[in-house]
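Asks: Got a structure for you, protein16.csv, holding CSV, N, CA and C atoms and all ligand atoms.
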```
chain,number,residue,atom,x,y,z
R,24,MET,N,0.8,-1.2,0.0
R,24,MET,CA,0.0,0.0,0.0
R,24,MET,C,0.9,1.2,0.0
R,25,SER,N,0.5,2.2,-0.8
R,25,SER,CA,1.3,3.4,-1.0
R,25,SER,C,0.8,4.6,-0.1
R,26,ARG,N,1.7,5.3,0.5
R,26,ARG,CA,1.4,6.5,1.3
R,26,ARG,C,2.3,7.6,0.9
R,27,THR,N,1.7,8.8,1.0
R,27,THR,CA,2.5,10.0,0.6
R,27,THR,C,2.6,10.9,1.9
R,28,GLY,N,3.7,11.8,1.8
R,28,GLY,CA,3.9,12.7,2.9
R,28,GLY,C,4.6,13.9,2.4
R,29,ARG,N,4.8,14.9,3.2
R,29,ARG,CA,5.5,16.1,2.8
R,29,ARG,C,5.8,17.0,4.0
R,30,CYS,N,6.7,17.9,3.8
R,30,CYS,CA,7.0,18.9,4.9
R,30,CYS,C,5.9,19.9,4.9
R,31,VAL,N,6.0,20.9,5.8
R,31,VAL,CA,4.9,21.9,5.9
R,31,VAL,C,4.8,22.7,4.6
R,32,CYS,N,5.9,23.1,4.0
R,32,CYS,CA,5.9,24.0,2.9
R,32,CYS,C,5.7,23.2,1.6
R,33,GLY,N,6.0,21.9,1.6
R,33,GLY,CA,5.8,21.1,0.4
R,33,GLY,C,7.0,21.0,-0.5
R,34,THR,N,8.1,21.6,-0.1
R,34,THR,CA,9.4,21.5,-0.9
R,34,THR,C,9.9,20.1,-1.0
R,35,ILE,N,9.7,19.4,0.1
R,35,ILE,CA,10.1,18.0,0.1
R,35,ILE,C,8.9,17.1,0.3
R,36,SER,N,8.7,16.2,-0.6
R,36,SER,CA,7.6,15.2,-0.5
R,36,SER,C,8.2,13.8,-0.7
R,37,TYR,N,7.4,12.8,-0.4
R,37,TYR,CA,7.8,11.5,-0.5
R,37,TYR,C,6.7,10.5,-0.7
R,38,GLU,N,7.0,9.3,-1.1
R,38,GLU,CA,6.0,8.2,-1.3
R,38,GLU,C,6.6,7.0,-0.7
R,39,VAL,N,5.8,6.2,0.1
R,39,VAL,CA,6.3,5.0,0.7
R,39,VAL,C,5.4,3.8,0.2
R,40,GLU,N,6.0,2.8,-0.4
R,40,GLU,CA,5.3,1.7,-0.9
R,40,GLU,C,5.6,0.4,-0.1
R,41,ALA,N,5.3,0.5,1.2
R,41,ALA,CA,5.5,-0.7,2.0
R,41,ALA,C,4.8,-0.4,3.3
R,42,ASP,N,4.5,-1.5,4.1
R,42,ASP,CA,4.0,-1.3,5.4
R,42,ASP,C,5.3,-1.1,6.3
R,43,PRO,N,5.1,-0.4,7.4
R,43,PRO,CA,6.3,-0.2,8.3
R,43,PRO,C,6.7,-1.5,8.9
R,44,ILE,N,8.0,-1.6,9.1
R,44,ILE,CA,8.6,-2.7,9.8
R,44,ILE,C,8.2,-2.7,11.3
R,45,VAL,N,8.2,-1.5,11.8
R,45,VAL,CA,7.8,-1.3,13.2
R,45,VAL,C,7.5,0.2,13.3
R,46,VAL,N,6.5,0.5,14.2
R,46,VAL,CA,6.3,1.9,14.6
R,46,VAL,C,6.7,2.1,16.0
R,47,ALA,N,7.6,3.0,16.3
R,47,ALA,CA,8.2,3.2,17.6
R,47,ALA,C,8.1,4.7,18.0
R,48,LEU,N,7.6,4.8,19.3
R,48,LEU,CA,7.7,6.1,19.9
R,48,LEU,C,9.1,6.3,20.4
R,49,CYS,N,9.8,7.3,20.1
R,49,CYS,CA,11.2,7.5,20.6
R,49,CYS,C,11.2,8.7,21.5
R,50,HIS,N,11.7,8.4,22.7
R,50,HIS,CA,11.8,9.5,23.7
R,50,HIS,C,13.2,10.0,23.9
R,51,CYS,N,14.1,9.7,22.9
R,51,CYS,CA,15.5,10.1,23.1
R,51,CYS,C,15.7,11.6,23.1
R,52,ASP,N,16.8,12.0,23.6
R,52,ASP,CA,17.0,13.5,23.8
R,52,ASP,C,17.1,14.2,22.4
R,53,ASP,N,17.7,13.5,21.4
R,53,ASP,CA,17.8,14.2,20.1
R,53,ASP,C,16.5,14.3,19.5
R,54,CYS,N,15.6,13.3,19.6
R,54,CYS,CA,14.3,13.4,19.0
R,54,CYS,C,13.5,14.5,19.6
R,55,GLN,N,13.6,14.6,20.9
R,55,GLN,CA,12.9,15.7,21.6
R,55,GLN,C,13.3,17.1,21.1
R,56,ARG,N,14.7,17.2,21.0
R,56,ARG,CA,15.2,18.5,20.6
R,56,ARG,C,14.8,18.8,19.2
R,57,GLN,N,15.0,17.8,18.3
R,57,GLN,CA,14.8,18.0,16.9
R,57,GLN,C,13.3,18.4,16.6
R,58,SER,N,12.4,17.7,17.3
R,58,SER,CA,11.0,17.9,17.0
R,58,SER,C,10.4,19.0,17.8
R,59,GLY,N,11.0,19.3,18.9
R,59,GLY,CA,10.4,20.3,19.8
R,59,GLY,C,9.3,19.8,20.5
R,60,ALA,N,9.0,18.5,20.4
R,60,ALA,CA,7.9,17.8,21.0
R,60,ALA,C,8.5,16.9,22.1
R,61,ALA,N,7.5,16.2,22.9
R,61,ALA,CA,7.9,15.4,24.0
R,61,ALA,C,8.5,14.1,23.5
R,62,PHE,N,8.2,13.7,22.3
R,62,PHE,CA,8.7,12.4,21.7
R,62,PHE,C,8.5,12.5,20.2
R,63,SER,N,9.1,11.5,19.5
R,63,SER,CA,8.9,11.4,18.1
R,63,SER,C,8.2,10.1,17.8
R,64,THR,N,7.3,10.1,16.8
R,64,THR,CA,6.7,8.8,16.4
R,64,THR,C,7.4,8.4,15.1
R,65,ASN,N,8.1,7.4,15.2
R,65,ASN,CA,9.0,7.0,14.1
R,65,ASN,C,8.5,5.7,13.4
R,66,LEU,N,8.3,5.8,12.1
R,66,LEU,CA,8.0,4.6,11.3
R,66,LEU,C,9.2,4.1,10.6
R,67,LEU,N,9.5,2.8,10.8
R,67,LEU,CA,10.7,2.3,10.2
R,67,LEU,C,10.3,1.5,8.9
R,68,PHE,N,10.8,2.0,7.8
R,68,PHE,CA,10.4,1.4,6.5
R,68,PHE,C,11.7,0.8,5.8
R,69,PRO,N,11.5,-0.2,4.9
R,69,PRO,CA,12.6,-0.6,4.1
R,69,PRO,C,13.0,0.6,3.3
R,70,LYS,N,14.3,0.9,3.2
R,70,LYS,CA,14.8,2.1,2.5
R,70,LYS,C,14.4,2.1,1.1
R,71,ASP,N,14.4,1.0,0.4
R,71,ASP,CA,14.1,0.9,-1.0
R,71,ASP,C,12.6,1.3,-1.3
R,72,ALA,N,11.8,1.2,-0.2
R,72,ALA,CA,10.3,1.5,-0.4
R,72,ALA,C,10.0,3.0,-0.3
R,73,VAL,N,11.0,3.8,0.0
R,73,VAL,CA,10.8,5.3,0.3
R,73,VAL,C,11.4,6.1,-0.9
R,74,THR,N,10.6,6.8,-1.6
R,74,THR,CA,11.0,7.6,-2.7
R,74,THR,C,10.8,9.1,-2.4
R,75,VAL,N,11.9,9.9,-2.4
R,75,VAL,CA,11.9,11.3,-2.0
R,75,VAL,C,12.0,12.2,-3.2
R,76,ALA,N,11.1,13.2,-3.2
R,76,ALA,CA,11.2,14.2,-4.2
R,76,ALA,C,11.6,15.5,-3.5
R,77,GLY,N,12.7,16.1,-4.1
R,77,GLY,CA,13.3,17.3,-3.4
R,77,GLY,C,14.5,16.9,-2.7
R,78,THR,N,15.3,17.8,-2.2
R,78,THR,CA,16.6,17.5,-1.6
R,78,THR,C,16.5,18.0,-0.1
R,79,PRO,N,16.4,17.1,0.8
R,79,PRO,CA,16.4,17.6,2.2
R,79,PRO,C,17.8,18.1,2.6
R,80,THR,N,17.8,18.9,3.6
R,80,THR,CA,19.0,19.3,4.3
R,80,THR,C,19.3,18.2,5.4
R,81,VAL,N,20.6,17.8,5.6
R,81,VAL,CA,20.9,16.8,6.5
R,81,VAL,C,21.8,17.3,7.6
R,82,PHE,N,21.6,16.8,8.8
R,82,PHE,CA,22.4,17.1,10.0
R,82,PHE,C,22.8,15.8,10.6
R,83,HIS,N,24.0,15.6,11.0
R,83,HIS,CA,24.5,14.3,11.6
R,83,HIS,C,24.6,14.4,13.1
R,84,THR,N,24.1,13.4,13.8
R,84,THR,CA,24.3,13.3,15.2
R,84,THR,C,24.9,11.9,15.5
R,85,THR,N,25.3,11.7,16.7
R,85,THR,CA,25.9,10.4,17.1
R,85,THR,C,24.9,9.8,18.1
R,86,GLY,N,24.5,8.5,17.8
R,86,GLY,CA,23.6,7.8,18.7
R,86,GLY,C,24.2,7.7,20.1
R,87,THR,N,23.4,8.0,21.1
R,87,THR,CA,23.9,8.0,22.5
R,87,THR,C,24.3,6.6,22.9
R,88,GLY,N,23.5,5.6,22.6
R,88,GLY,CA,23.8,4.2,23.0
R,88,GLY,C,24.8,3.6,22.2
R,89,THR,N,24.7,3.8,20.8
R,89,THR,CA,25.6,3.0,19.9
R,89,THR,C,26.8,3.7,19.5
R,90,GLY,N,26.9,5.0,19.6
R,90,GLY,CA,28.0,5.8,19.0
R,90,GLY,C,28.0,5.8,17.5
R,91,GLU,N,26.9,5.3,16.9
R,91,GLU,CA,26.8,5.3,15.4
R,91,GLU,C,26.2,6.6,14.9
R,92,ASP,N,26.5,6.9,13.6
R,92,ASP,CA,26.0,8.1,13.0
R,92,ASP,C,24.5,8.0,12.7
R,93,ARG,N,23.8,9.2,12.9
R,93,ARG,CA,22.4,9.4,12.6
R,93,ARG,C,22.3,10.5,11.6
R,94,GLU,N,21.9,10.2,10.4
R,94,GLU,CA,21.7,11.3,9.4
R,94,GLU,C,20.2,11.8,9.5
R,95,ARG,N,20.1,13.0,10.0
R,95,ARG,CA,18.7,13.5,10.2
R,95,ARG,C,18.4,14.5,9.1
R,96,SER,N,17.3,14.2,8.3
R,96,SER,CA,16.9,15.0,7.2
R,96,SER,C,15.8,15.9,7.5
R,97,PHE,N,15.9,17.1,7.1
R,97,PHE,CA,14.8,18.1,7.3
R,97,PHE,C,14.7,19.0,6.1
R,98,CYS,N,13.6,19.7,6.0
R,98,CYS,CA,13.4,20.7,4.9
R,98,CYS,C,14.2,22.0,5.3
R,99,GLY,N,15.1,22.4,4.4
R,99,GLY,CA,15.9,23.6,4.6
R,99,GLY,C,15.1,24.9,4.5
R,100,THR,N,13.9,24.8,4.0
R,100,THR,CA,13.0,26.0,3.8
R,100,THR,C,12.1,26.2,5.0
R,101,CYS,N,11.4,25.1,5.4
R,101,CYS,CA,10.4,25.3,6.5
R,101,CYS,C,10.9,24.6,7.8
R,102,GLY,N,11.9,23.8,7.7
R,102,GLY,CA,12.4,23.2,9.0
R,102,GLY,C,11.8,21.9,9.4
R,103,SER,N,10.8,21.4,8.7
R,103,SER,CA,10.1,20.2,9.1
R,103,SER,C,11.1,19.0,9.1
R,104,VAL,N,11.0,18.2,10.2
R,104,VAL,CA,11.8,17.0,10.3
R,104,VAL,C,11.2,15.9,9.6
R,105,LEU,N,11.9,15.2,8.7
R,105,LEU,CA,11.3,14.2,7.8
R,105,LEU,C,11.8,12.7,8.1
R,106,PHE,N,13.1,12.6,8.0
R,106,PHE,CA,13.7,11.2,7.9
R,106,PHE,C,14.9,11.1,8.9
R,107,THR,N,15.2,9.9,9.3
R,107,THR,CA,16.5,9.6,9.9
R,107,THR,C,17.0,8.3,9.3
R,108,GLN,N,18.3,8.3,9.1
R,108,GLN,CA,19.1,7.2,8.6
R,108,GLN,C,20.1,6.7,9.6
R,109,LEU,N,19.9,5.5,10.1
R,109,LEU,CA,20.8,5.0,11.1
R,109,LEU,C,22.0,4.3,10.4
R,110,ALA,N,23.2,4.6,10.8
R,110,ALA,CA,24.4,4.0,10.1
R,110,ALA,C,24.4,2.5,10.3
R,111,GLU,N,23.9,2.0,11.4
R,111,GLU,CA,24.0,0.5,11.6
R,111,GLU,C,22.8,-0.2,11.0
R,112,GLN,N,21.9,0.5,10.4
R,112,GLN,CA,20.7,-0.1,9.7
R,112,GLN,C,20.6,0.6,8.4
R,113,PRO,N,21.5,0.3,7.4
R,113,PRO,CA,21.5,1.1,6.2
R,113,PRO,C,20.3,0.7,5.3
R,114,GLY,N,19.6,-0.4,5.5
R,114,GLY,CA,18.5,-0.8,4.7
R,114,GLY,C,17.2,-0.2,5.2
R,115,VAL,N,17.2,0.6,6.3
R,115,VAL,CA,16.0,1.1,6.9
R,115,VAL,C,16.0,2.7,6.8
R,116,THR,N,14.9,3.2,6.5
R,116,THR,CA,14.7,4.7,6.6
R,116,THR,C,13.6,4.9,7.6
R,117,ILE,N,13.9,5.8,8.5
R,117,ILE,CA,12.9,6.2,9.5
R,117,ILE,C,12.2,7.4,9.0
R,118,VAL,N,10.8,7.3,9.0
R,118,VAL,CA,10.0,8.4,8.6
R,118,VAL,C,9.2,9.0,9.8
R,119,LYS,N,9.3,10.3,10.0
R,119,LYS,CA,8.5,10.9,11.1
R,119,LYS,C,7.0,10.9,10.7
R,120,ALA,N,6.3,10.3,11.6
R,120,ALA,CA,4.8,10.0,11.3
R,120,ALA,C,4.0,11.3,11.0
R,121,GLY,N,4.4,12.4,11.7
R,121,GLY,CA,3.6,13.6,11.5
R,121,GLY,C,3.7,14.2,10.1
R,122,THR,N,4.6,13.7,9.3
R,122,THR,CA,4.7,14.3,8.0
R,122,THR,C,3.9,13.5,6.9
R,123,LEU,N,3.2,12.4,7.3
R,123,LEU,CA,2.4,11.7,6.4
R,123,LEU,C,1.1,12.5,6.1
R,124,ASP,N,0.6,12.3,4.9
R,124,ASP,CA,-0.7,12.9,4.6
R,124,ASP,C,-1.8,12.2,5.3
R,125,ASP,N,-1.7,10.9,5.3
R,125,ASP,CA,-2.7,10.0,6.0
R,125,ASP,C,-2.0,9.3,7.2
R,126,ARG,N,-2.3,9.7,8.4
R,126,ARG,CA,-1.6,9.2,9.5
R,126,ARG,C,-2.3,8.1,10.3
R,127,THR,N,-3.4,7.6,9.6
R,127,THR,CA,-4.2,6.6,10.3
R,127,THR,C,-3.5,5.2,10.3
R,128,GLY,N,-3.8,4.4,11.3
R,128,GLY,CA,-3.3,3.0,11.3
R,128,GLY,C,-1.9,2.8,11.7
R,129,PHE,N,-1.3,3.8,12.3
R,129,PHE,CA,0.1,3.6,12.7
R,129,PHE,C,0.3,3.8,14.2
R,130,ALA,N,-0.5,3.1,15.0
R,130,ALA,CA,-0.3,3.2,16.4
R,130,ALA,C,1.0,2.6,16.8
R,131,PRO,N,1.8,3.2,17.6
R,131,PRO,CA,3.2,2.7,18.0
R,131,PRO,C,3.1,1.3,18.6
R,132,ALA,N,4.0,0.4,18.3
R,132,ALA,CA,4.0,-0.9,18.8
R,132,ALA,C,5.0,-1.0,20.0
R,133,VAL,N,6.0,-0.1,20.0
R,133,VAL,CA,7.0,-0.1,21.1
R,133,VAL,C,7.3,1.3,21.4
R,134,GLU,N,7.9,1.5,22.6
R,134,GLU,CA,8.5,2.8,23.0
R,134,GLU,C,10.0,2.6,23.3
R,135,VAL,N,10.8,3.5,22.8
R,135,VAL,CA,12.3,3.3,23.1
R,135,VAL,C,12.8,4.6,23.7
R,136,TRP,N,13.9,4.4,24.4
R,136,TRP,CA,14.6,5.5,25.1
R,136,TRP,C,13.7,6.1,26.2
R,137,THR,N,13.0,5.2,26.9
R,137,THR,CA,12.1,5.6,28.0
R,137,THR,C,13.0,6.2,29.2
R,138,ASP,N,14.3,5.9,29.2
R,138,ASP,CA,15.2,6.5,30.2
R,138,ASP,C,15.1,8.0,30.1
R,139,SER,N,14.9,8.6,28.9
R,139,SER,CA,14.8,10.1,28.8
R,139,SER,C,13.4,10.6,28.6
R,140,ALA,N,12.4,9.7,28.8
R,140,ALA,CA,11.0,10.2,28.6
R,140,ALA,C,10.6,11.2,29.6
R,141,GLN,N,9.8,12.2,29.2
R,141,GLN,CA,9.3,13.1,30.1
R,141,GLN,C,8.3,12.4,31.0
R,142,GLU,N,8.3,12.8,32.3
R,142,GLU,CA,7.5,12.1,33.3
R,142,GLU,C,6.0,11.9,32.9
R,143,TRP,N,5.4,13.0,32.4
R,143,TRP,CA,4.0,13.0,32.2
R,143,TRP,C,3.7,12.1,30.9
R,144,VAL,N,4.6,12.0,30.0
R,144,VAL,CA,4.4,11.1,28.9
R,144,VAL,C,4.4,9.6,29.3
R,145,ALA,N,5.4,9.3,30.1
R,145,ALA,CA,5.5,7.9,30.6
R,145,ALA,C,4.1,7.5,31.3
R,146,ALA,N,3.5,8.4,32.0
R,146,ALA,CA,2.3,8.1,32.7
R,146,ALA,C,1.1,7.8,31.8
R,147,ILE,N,1.1,8.5,30.6
R,147,ILE,CA,-0.1,8.3,29.8
R,147,ILE,C,0.1,7.3,28.6
R,148,GLU,N,1.4,7.0,28.4
R,148,GLU,CA,1.7,6.1,27.2
R,148,GLU,C,2.0,4.7,27.6
R,149,SER,N,1.6,4.3,28.8
R,149,SER,CA,1.9,2.9,29.3
R,149,SER,C,1.1,1.9,28.5
R,150,GLY,N,1.5,0.7,28.6
R,150,GLY,CA,0.8,-0.4,28.0
R,150,GLY,C,1.5,-1.1,26.8
R,151,ARG,N,2.5,-0.4,26.2
R,151,ARG,CA,3.3,-0.9,25.1
R,151,ARG,C,4.6,-1.5,25.7
R,152,PRO,N,5.2,-2.4,25.0
R,152,PRO,CA,6.6,-2.8,25.4
R,152,PRO,C,7.5,-1.6,25.4
R,153,THR,N,8.3,-1.4,26.4
R,153,THR,CA,9.2,-0.3,26.5
R,153,THR,C,10.6,-0.7,26.6
R,154,TYR,N,11.5,0.1,26.1
R,154,TYR,CA,13.0,-0.2,26.2
R,154,TYR,C,13.6,1.1,26.7
R,155,PRO,N,14.5,0.9,27.7
R,155,PRO,CA,15.1,2.1,28.3
R,155,PRO,C,16.0,2.9,27.3
R,156,GLN,N,16.6,2.1,26.3
R,156,GLN,CA,17.4,2.8,25.3
R,156,GLN,C,17.0,2.3,23.9
R,157,ASP,N,17.9,2.0,23.0
R,157,ASP,CA,17.6,1.5,21.7
R,157,ASP,C,16.8,0.2,21.7
R,158,LEU,N,16.1,-0.1,20.6
R,158,LEU,CA,15.5,-1.4,20.4
R,158,LEU,C,16.6,-2.4,20.4
R,159,PRO,N,16.4,-3.6,21.1
R,159,PRO,CA,17.4,-4.6,21.0
R,159,PRO,C,17.6,-5.0,19.5
R,160,ALA,N,18.9,-5.4,19.2
R,160,ALA,CA,19.2,-5.8,17.8
R,160,ALA,C,18.3,-7.0,17.4
R,161,GLY,N,17.9,-7.0,16.1
R,161,GLY,CA,17.1,-8.1,15.6
R,161,GLY,C,15.7,-7.9,15.8
D,1,ZN,ZN,9.4,22.5,3.7
D,2,ZN,ZN,15.0,9.3,19.0
```
Mind turning the file's structure into structure tokens?
Ligand SMILES: [Zn+2]
Ligand SMILES: [Zn+2]
Replies:
Amino acid sequence: MSRTGRCVCGTISYEVEADPIVVALCHCDDCQRQSGAAFSTNLLFPKDAVTVAGTPTVFHTTGTGTGEDRERSFCGTCGSVLFTQLAEQPGVTIVKAGTLDDRTGFAPAVEVWTDSAQEWVAAIESGRPTYPQDLPAG
């Protein structure tokens, strides 16, 4: 099934032709800072299934737990955060759920980095499997 998405201004758009591998709420410090929100809703897709139109601006961070590179893509015009590429998972593209045109059907299956979750979020988002840091490998 195909889904489309875009940044706020529309300079960057994309199409995804796969179901997500997993949908994860991420409470990590970088996701909170980058989004300005309490957490990020991340859809992990096979990289091959994501087609991007336009050229996002990229910024690199280092994963707190892994020390691996994170390439964070955003729109250089409006600042919308769109994608993350994890160095240790080159076949996966993470799409920020809020940029989808149709956001239905993507309830998170897991929560990661609950170590850095804001207290009030942890209180209302209980019930899913949680991990104090990154998802375990595999
Ligand atoms: Zn934009
Ligand atoms: Zn994160």
Asks: Between atom CA of Asp125 of chain R and atom CA of Arg95 of chain R, what is the spacing in Å?
Replies: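 Those two atoms sit 22.1 Å apart.
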Asks: Could I get the residue neighbourhood of ligand ZN 2 (chain D) at 6 Å, counting only N, CA and C atoms and all ligand atoms, as a PyMOL selection string?
Replies: chain R and resi 49-55
Asks: Kindly work out which residues sit at most 7 Å from ligand ZN 1 (chain D), using only N, CA and C atoms and all ligand atoms, and give the list as a list of chain:residue names.
Replies: R:Arg29, R:Cys30, R:Val31, R:Cys32, R:Gly33, R:Thr34, R:Ile35, R:Phe97, R:Cys98, R:Gly99, R:Thr100, R:Cys101, R:Gly102, R:Ser103
Asks: Tell me, in Å to one decimal, how far atom CA of Gln112 of chain R is from atom CA of Val144 of chain R.
Replies: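 If I compute the distance from atom CA of Gln112 of chain R to atom CA of Val144 of chain R, I get 27.6 Å.
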Asks: Would you mind listing what lies within 10 Å of Leu48 of chain R as an MDAnalysis selection string, with only C-alpha atoms counted and same-chain residues fewer than 5 positions away left out?
Replies: chainID R and resid 54 62:66 120 130:137 148 151 153
Asks: Would you give me, as a list in words, the residues in chain R that DSSP reads as helix (DSSP H, G or I)?
Replies: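 Filtering chain R to helix (DSSP H, G or I) leaves Asp52, Asp53, Cys54, Gln55, Arg56, Gln57, Ser58, Lys70, Asp71, Ala72, Ala120, Gly121, Thr122, Thr137, Asp138, Ser139, Glu142, Trp143, Val144, Ala145, Ala146 and Ile147 of chain R.
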Asks: Looking at R:Asp138, R:Leu105, R:Thr84, R:Phe129, which one is nearest to Ala47 of chain R, with distances taken over all atoms listed in the file?
Replies: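 Of R:Asp138, R:Leu105, R:Thr84, R:Phe129, the one nearest Ala47 of chain R, counting all atoms listed in the file, is R:Phe129.
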Asks: Nearest to Val81 of chain R among R:Pro113, R:Gln156, R:Phe106, R:Thr122, with distances taken over only C-alpha atoms: which residue is it?
Replies: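 That would be R:Phe106, the residue with the smallest distance to Val81 of chain R.
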Asks: Could you check how far atom CA of Arg93 of chain R sits from atom CA of Gly150 of chain R, in Å to one decimal?
Replies: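 Atom CA of Arg93 of chain R sits 28.3 Å away from atom CA of Gly150 of chain R.
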Asks: I'd like the neighbourhood of Pro43 of chain R as a PyMOL selection string, where a residue qualifies if any of its atoms comes within 10 Å (using only C-alpha atoms), though same-chain residues fewer than 4 positions away should be ignored.
Replies: chain R and resi 39+65-69+72+115-118+129
Asks: Check the smallest atom-to-atom distance from each of R:Glu111, R:Asp124, R:Asp71, R:Glu94 to Thr27 of chain R using all atoms listed in the file, then report the winner.
Replies: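 Checking each candidate against Thr27 of chain R, we get R:Asp124 as the closest.
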Asks: I'd like to know which of R:Pro155, R:Ser36, R:Asp42, R:Ser25 is closest to Thr78 of chain R, using all atoms listed in the file.
Replies: R:Ser36
Asks: Please identify which residues in segment 68-134 of chain R DSSP calls strand (DSSP E) from the backbone, and express them as a PyMOL selection string.
Replies: chain R and resi 68-69+73-76+80-85+92-97+104-109+115-119+133-134
Asks: Will you model N, CA, C and O atoms for segment 123-134 of chain R and pass it back as an mmCIF file, in the frame of the given file?
Replies:
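Contents of rebuild27.cif, as written:
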```cif
data_model
loop_
_atom_site.group_PDB
_atom_site.id
_atom_site.type_symbol
_atom_site.label_atom_id
_atom_site.label_comp_id
_atom_site.auth_asym_id
_atom_site.auth_seq_id
_atom_site.Cartn_x
_atom_site.Cartn_y
_atom_site.Cartn_z
ATOM 1 N N LEU R 123 3.200 12.400 7.300
ATOM 2 C CA LEU R 123 2.400 11.700 6.400
ATOM 3 C C LEU R 123 1.100 12.500 6.100
ATOM 4 O O LEU R 123 0.587 13.196 6.957
ATOM 5 N N ASP R 124 0.600 12.300 4.900
ATOM 6 C CA ASP R 124 -0.700 12.900 4.600
ATOM 7 C C ASP R 124 -1.800 12.200 5.300
ATOM 8 O O ASP R 124 -2.786 12.776 5.696
ATOM 9 N N ASP R 125 -1.700 10.900 5.300
ATOM 10 C CA ASP R 125 -2.700 10.000 6.000
ATOM 11 C C ASP R 125 -2.000 9.300 7.200
ATOM 12 O O ASP R 125 -1.195 8.430 6.921
ATOM 13 N N ARG R 126 -2.300 9.700 8.400
ATOM 14 C CA ARG R 126 -1.600 9.200 9.500
ATOM 15 C C ARG R 126 -2.300 8.100 10.300
ATOM 16 O O ARG R 126 -1.968 7.657 11.347
ATOM 17 N N THR R 127 -3.400 7.600 9.600
ATOM 18 C CA THR R 127 -4.200 6.600 10.300
ATOM 19 C C THR R 127 -3.500 5.200 10.300
ATOM 20 O O THR R 127 -2.780 4.886 9.347
ATOM 21 N N GLY R 128 -3.800 4.400 11.300
ATOM 22 C CA GLY R 128 -3.300 3.000 11.300
ATOM 23 C C GLY R 128 -1.900 2.800 11.700
ATOM 24 O O GLY R 128 -1.394 1.685 11.536
ATOM 25 N N PHE R 129 -1.300 3.800 12.300
ATOM 26 C CA PHE R 129 0.100 3.600 12.700
ATOM 27 C C PHE R 129 0.300 3.800 14.200
ATOM 28 O O PHE R 129 1.209 4.509 14.663
ATOM 29 N N ALA R 130 -0.500 3.100 15.000
ATOM 30 C CA ALA R 130 -0.300 3.200 16.400
ATOM 31 C C ALA R 130 1.000 2.600 16.800
ATOM 32 O O ALA R 130 1.401 1.494 16.273
ATOM 33 N N PRO R 131 1.800 3.200 17.600
ATOM 34 C CA PRO R 131 3.200 2.700 18.000
ATOM 35 C C PRO R 131 3.100 1.300 18.600
ATOM 36 O O PRO R 131 2.181 1.029 19.459
ATOM 37 N N ALA R 132 4.000 0.400 18.300
ATOM 38 C CA ALA R 132 4.000 -0.900 18.800
ATOM 39 C C ALA R 132 5.000 -1.000 20.000
ATOM 40 O O ALA R 132 4.818 -1.811 20.934
ATOM 41 N N VAL R 133 6.000 -0.100 20.000
ATOM 42 C CA VAL R 133 7.000 -0.100 21.100
ATOM 43 C C VAL R 133 7.300 1.300 21.400
ATOM 44 O O VAL R 133 7.085 2.254 20.652
ATOM 45 N N GLU R 134 7.900 1.500 22.600
ATOM 46 C CA GLU R 134 8.500 2.800 23.000
ATOM 47 C C GLU R 134 10.000 2.600 23.300
ATOM 48 O O GLU R 134 10.338 1.619 24.000
#
```
